[in-house]
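Have a look at input-v1.txt; it's compact mmCIF, C-alpha atoms:
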```txt
# COMPACT_ATOMS: atom_id res chain seq x y z
CA ARG A 760 -24.61 141.45 -128.94
CA ASP A 761 -28.33 142.00 -128.91
CA ILE A 762 -29.48 138.76 -127.24
CA TYR A 763 -33.22 139.28 -127.73
CA GLY A 764 -33.35 141.36 -130.90
CA ASN A 765 -33.11 140.83 -134.63
CA THR A 766 -29.36 140.34 -134.49
CA SER A 767 -29.67 137.11 -132.50
CA GLU A 768 -32.19 135.71 -134.96
CA LYS A 769 -29.81 136.53 -137.83
CA VAL A 770 -26.93 134.88 -135.97
CA ALA A 771 -29.07 131.80 -135.36
CA ALA A 772 -29.97 131.65 -139.06
CA CYS A 773 -26.27 131.96 -139.91
CA HIS A 774 -25.41 129.06 -137.58
CA SER A 775 -28.12 127.00 -139.22
CA ARG A 776 -26.66 127.65 -142.69
CA ILE A 777 -23.13 126.88 -141.48
CA ALA A 778 -24.32 123.58 -139.98
CA LYS A 779 -25.89 122.68 -143.33
CA ILE A 780 -22.61 123.40 -145.13
CA TYR A 781 -20.73 121.16 -142.68
CA ARG A 782 -23.34 118.43 -143.15
CA ASN A 783 -23.04 118.61 -146.96
CA GLN A 784 -19.23 118.47 -146.78
CA ALA A 785 -19.35 115.52 -144.37
CA ASP A 786 -21.83 113.70 -146.64
CA ALA A 787 -19.49 114.20 -149.62
CA ILE A 788 -16.57 112.74 -147.65
CA ARG A 789 -18.67 109.77 -146.50
CA LYS A 790 -19.76 109.14 -150.07
CA SER A 791 -16.16 109.30 -151.26
CA MET A 792 -15.03 106.86 -148.55
CA MET A 793 -17.74 104.34 -149.45
CA GLN A 794 -17.04 104.19 -153.18
CA SER A 795 -16.67 100.73 -154.61
CA SER A 796 -15.41 99.82 -158.03
CA SER A 797 -18.52 97.79 -158.89
CA HIS A 798 -20.89 100.78 -158.84
CA VAL A 799 -20.73 103.91 -160.92
CA LEU A 800 -23.35 106.19 -159.42
CA PRO A 801 -23.95 109.90 -159.92
CA GLY A 802 -21.61 111.92 -157.72
CA ILE A 803 -18.87 109.25 -157.68
CA ARG A 804 -15.37 110.41 -158.59
CA VAL A 805 -13.73 108.60 -161.52
CA ARG A 806 -10.50 108.67 -163.55
CA VAL A 807 -10.64 108.49 -167.35
CA GLU A 808 -8.43 105.86 -168.98
CA GLY A 809 -8.10 103.77 -172.11
CA LEU A 810 -9.42 106.32 -174.60
CA GLN A 811 -8.01 105.85 -178.11
CA ASN A 812 -9.44 108.78 -180.11
CA GLN A 813 -9.32 111.37 -177.32
CA ALA A 814 -6.24 110.25 -175.44
CA GLN A 815 -5.68 113.77 -174.05
CA TYR A 816 -8.41 113.00 -171.48
CA ASN A 817 -6.72 109.85 -170.16
CA GLY A 818 -5.61 110.30 -166.55
CA LEU A 819 -8.00 113.17 -165.85
CA GLU A 820 -10.49 112.93 -163.01
CA GLY A 821 -14.09 114.01 -162.78
CA VAL A 822 -17.50 113.31 -161.34
CA VAL A 823 -20.16 111.00 -162.78
CA LEU A 824 -23.28 113.03 -163.60
CA LYS A 825 -25.47 110.13 -164.75
CA GLN A 826 -25.35 106.62 -166.11
CA GLU A 827 -27.07 106.15 -169.42
CA ASP A 828 -28.96 103.09 -170.63
CA ASP A 829 -26.34 101.93 -173.11
CA SER A 830 -23.57 101.20 -170.57
CA ARG A 831 -22.17 104.70 -170.78
CA VAL A 832 -21.72 107.39 -168.18
CA CYS A 833 -21.70 111.14 -168.44
CA VAL A 834 -18.63 112.53 -166.63
CA ARG A 835 -17.83 116.19 -165.84
CA LEU A 836 -14.07 116.66 -165.77
CA ASP A 837 -12.48 118.62 -162.94
CA GLN A 838 -9.89 120.33 -165.10
CA ASP A 839 -12.06 122.21 -167.61
CA LYS A 840 -15.61 121.23 -166.55
CA LYS A 841 -16.02 119.52 -169.94
CA GLN A 842 -18.62 116.74 -170.03
CA LEU A 843 -17.74 113.44 -171.67
CA ARG A 844 -19.97 110.49 -172.53
CA LEU A 845 -17.80 107.43 -171.84
CA LYS A 846 -18.07 103.67 -171.86
CA LEU A 847 -17.93 102.05 -168.42
CA GLU A 848 -14.66 100.37 -169.39
CA ASN A 849 -13.07 103.81 -169.78
CA VAL A 850 -13.74 105.00 -166.23
CA ARG A 851 -12.12 103.78 -163.06
CA MET A 852 -12.63 104.96 -159.54
CA PRO A 853 -9.39 106.22 -158.06
CA CYS A 854 -8.40 104.10 -155.09
CA ALA A 855 -7.62 106.06 -151.97
CA THR A 856 -4.45 105.05 -150.16
CA VAL A 857 -4.54 104.26 -146.45
CA ASP A 858 -3.11 107.69 -145.68
CA GLU A 859 -5.73 109.38 -147.89
CA ARG A 860 -8.50 107.46 -146.14
CA LYS A 861 -7.10 108.44 -142.73
CA GLU A 862 -7.03 112.06 -143.86
CA MET A 863 -10.62 111.85 -145.13
CA TYR A 864 -11.70 110.28 -141.83
CA ALA A 865 -9.96 113.05 -139.87
CA GLN A 866 -11.67 115.68 -142.05
CA LEU A 867 -15.00 113.95 -141.48
CA GLN A 868 -14.50 113.96 -137.71
CA ASP A 869 -13.52 117.64 -137.78
CA LEU A 870 -16.60 118.54 -139.81
CA VAL A 871 -18.92 116.59 -137.52
CA HIS A 872 -17.32 118.25 -134.48
CA GLU A 873 -17.82 121.69 -136.08
CA GLU A 874 -21.42 120.82 -136.89
CA VAL A 875 -22.02 119.75 -133.26
CA THR A 876 -20.51 123.02 -132.02
CA THR A 877 -22.56 125.10 -134.45
CA SER A 878 -25.77 123.23 -133.61
CA LYS A 879 -25.17 123.73 -129.87
CA GLU A 880 -24.71 127.46 -130.46
CA LEU A 881 -27.87 127.57 -132.58
CA LEU A 882 -29.78 125.89 -129.75
CA ARG A 883 -28.34 128.28 -127.16
CA ILE A 884 -29.34 131.30 -129.22
CA GLN A 885 -32.78 129.87 -129.93
CA VAL A 886 -33.44 129.32 -126.21
CA GLN A 887 -32.31 132.91 -125.51
CA VAL A 888 -34.46 134.39 -128.29
CA ALA A 889 -37.65 132.33 -128.10
CA GLY A 890 -37.45 130.49 -124.79
CA VAL A 891 -37.57 126.79 -124.07
CA LYS A 892 -41.22 126.23 -124.97
CA HIS A 893 -41.13 127.23 -128.62
CA PHE A 894 -41.38 125.28 -131.85
CA ASN A 895 -38.05 126.59 -133.17
CA THR A 896 -36.36 125.49 -129.95
CA ALA A 897 -37.76 121.97 -130.43
CA ALA A 898 -36.44 122.02 -134.01
CA ALA A 899 -33.01 123.14 -132.76
CA TYR A 900 -32.95 120.29 -130.22
CA PHE A 901 -33.90 117.84 -132.95
CA THR A 902 -31.16 119.13 -135.26
CA LEU A 903 -28.57 118.77 -132.51
CA GLY A 904 -29.76 115.21 -131.88
CA LEU A 905 -29.36 114.29 -135.54
CA VAL A 906 -25.87 115.79 -135.57
CA TYR A 907 -24.91 113.65 -132.58
CA LEU A 908 -26.17 110.59 -134.47
CA GLN A 909 -23.69 111.29 -137.27
CA THR A 910 -20.73 110.82 -134.93
CA SER A 911 -21.50 107.08 -134.67
CA LYS A 912 -20.10 107.05 -131.15
CA VAL A 913 -22.05 105.06 -128.55
CA ALA A 914 -22.11 107.77 -125.87
CA GLU A 915 -23.14 110.44 -128.37
CA THR A 916 -25.80 108.16 -129.85
CA ARG A 917 -27.33 107.85 -126.38
CA GLU A 918 -27.15 111.64 -126.07
CA ALA A 919 -28.81 111.94 -129.49
CA VAL A 920 -31.75 109.76 -128.43
CA ALA A 921 -32.21 111.84 -125.25
CA ILE A 922 -32.08 115.12 -127.20
CA ILE A 923 -34.49 113.95 -129.90
CA THR A 924 -36.87 112.68 -127.22
CA LYS A 925 -36.72 116.10 -125.55
CA ALA A 926 -37.45 117.74 -128.93
CA ILE A 927 -40.54 115.60 -129.41
CA ARG A 928 -41.78 116.35 -125.88
CA LEU A 929 -41.31 120.07 -126.49
CA LEU A 930 -43.11 119.82 -129.79
CA ARG A 931 -46.09 118.12 -128.14
CA ARG A 932 -46.32 121.02 -125.66
CA VAL A 933 -46.18 123.84 -128.17
CA VAL A 934 -48.42 122.72 -131.05
CA ASP A 935 -52.11 121.95 -131.33
CA ASP A 936 -53.19 118.49 -132.39
CA ASP A 937 -54.57 119.76 -135.70
CA ASP A 938 -51.66 122.12 -136.37
CA THR A 939 -49.74 121.59 -139.61
CA LEU A 940 -46.48 121.81 -137.68
CA VAL A 941 -47.29 118.39 -136.21
CA LEU A 942 -46.25 116.93 -139.57
CA THR A 943 -42.77 118.21 -138.90
CA GLY A 944 -42.93 116.61 -135.47
CA LEU A 945 -43.76 113.28 -137.06
CA LYS A 946 -40.58 113.59 -139.11
CA MET A 947 -38.75 114.19 -135.82
CA ALA A 948 -40.28 111.00 -134.40
CA LYS A 949 -38.97 109.05 -137.38
CA GLY A 950 -35.50 110.42 -136.56
CA LEU A 951 -35.85 109.08 -133.01
CA LYS A 952 -36.82 105.62 -134.30
CA MET A 953 -33.77 105.72 -136.58
CA ALA A 954 -31.57 106.57 -133.59
CA GLN A 955 -32.92 103.71 -131.50
```
Using structure tokens, write down the structure from this file.
Amino acid sequence: RDIYGNTSEKVAACHSRIAKIYRNQADAIRKSMMQSSSHVLPGIRVRVEGLQNQAQYNGLEGVVLKQEDDSRVCVRLDQDKKQLRLKLENVRMPCATVDERKEMYAQLQDLVHEEVTTSKELLRIQVQVAGVKHFNTAAAYFTLGLVYLQTSKVAETREAVAIITKAIRLLRRVVDDDDTLVLTGLKMAKGLKMAQ
């Protein structure tokens, strides 16, 4: 491996993209686990039932695209990607069994673990490529801190606060007061407040 050349920067960019994929997958699982039957929001999975004229769609599952004003929802079916405009009474959220919820939770934990591992590697590469006192290194620390927050474990939440604090300190060292990058640092500070 070329630790200080273009290859390392490409590897770091790849780790960043992989971490984003893990984050998106974990967010989808969290959203699925938090579904309640009283809300039909875009992105929620539903099962079609009770249709009289188009009974062939009964029992099929899909994703709500939007809820319309007249108590109807637009649903994209999984099977053929067809979009249906349905009354709320004709959609029901499939209830996950205990075993399905345990499986989703295990998947979520695996994804968060993978995201932590990928973010640590991104940070390691960033320190090797740009050094400790660099804006991108501060951003990598911040990203790792946010990933630790997602675990919802007490010890890792403490670690997250320490890492985000370190990111903010680094950011203060490497940017000028009137630099536009400070705006990004302010977003980092909001992440620290969220962690605390």
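Counting only C-alpha atoms, the residue from A:Ile788, A:Met852, A:Leu819, A:Ala889 that sits nearest to Lys840 of chain A is A:Leu819.
With all atoms listed in the file as the basis for measurement, A:Asp828 is the residue among A:Glu873, A:Asp828, A:Asp786, A:Glu915 that approaches Lys846 of chain A most closely.
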(message) Taking all atoms listed in the file into account, name the residue in A:Ser767, A:Ser830, A:Gln842, A:Gln909 that is nearest to Gln885 of chain A.
(response) A:Ser767
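Using only C-alpha atoms, the shortest contact distance between Arg851 of chain A and any of A:Leu908, A:Val805, A:Leu836, A:Leu810 is found at A:Val805.
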(message) One decimal, in Å: what's the spacing between atom CA of Val891 of chain A and atom CA of Cys773 of chain A?
(response)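 Atom-to-atom, atom CA of Val891 of chain A and atom CA of Cys773 of chain A are spaced 20.1 Å apart.
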(request) To one decimal in Å, tell me the separation between atom CA of Thr877 of chain A and atom CA of Arg860 of chain A. (result)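 Going from atom CA of Thr877 of chain A over to atom CA of Arg860 of chain A covers 25.4 Å.
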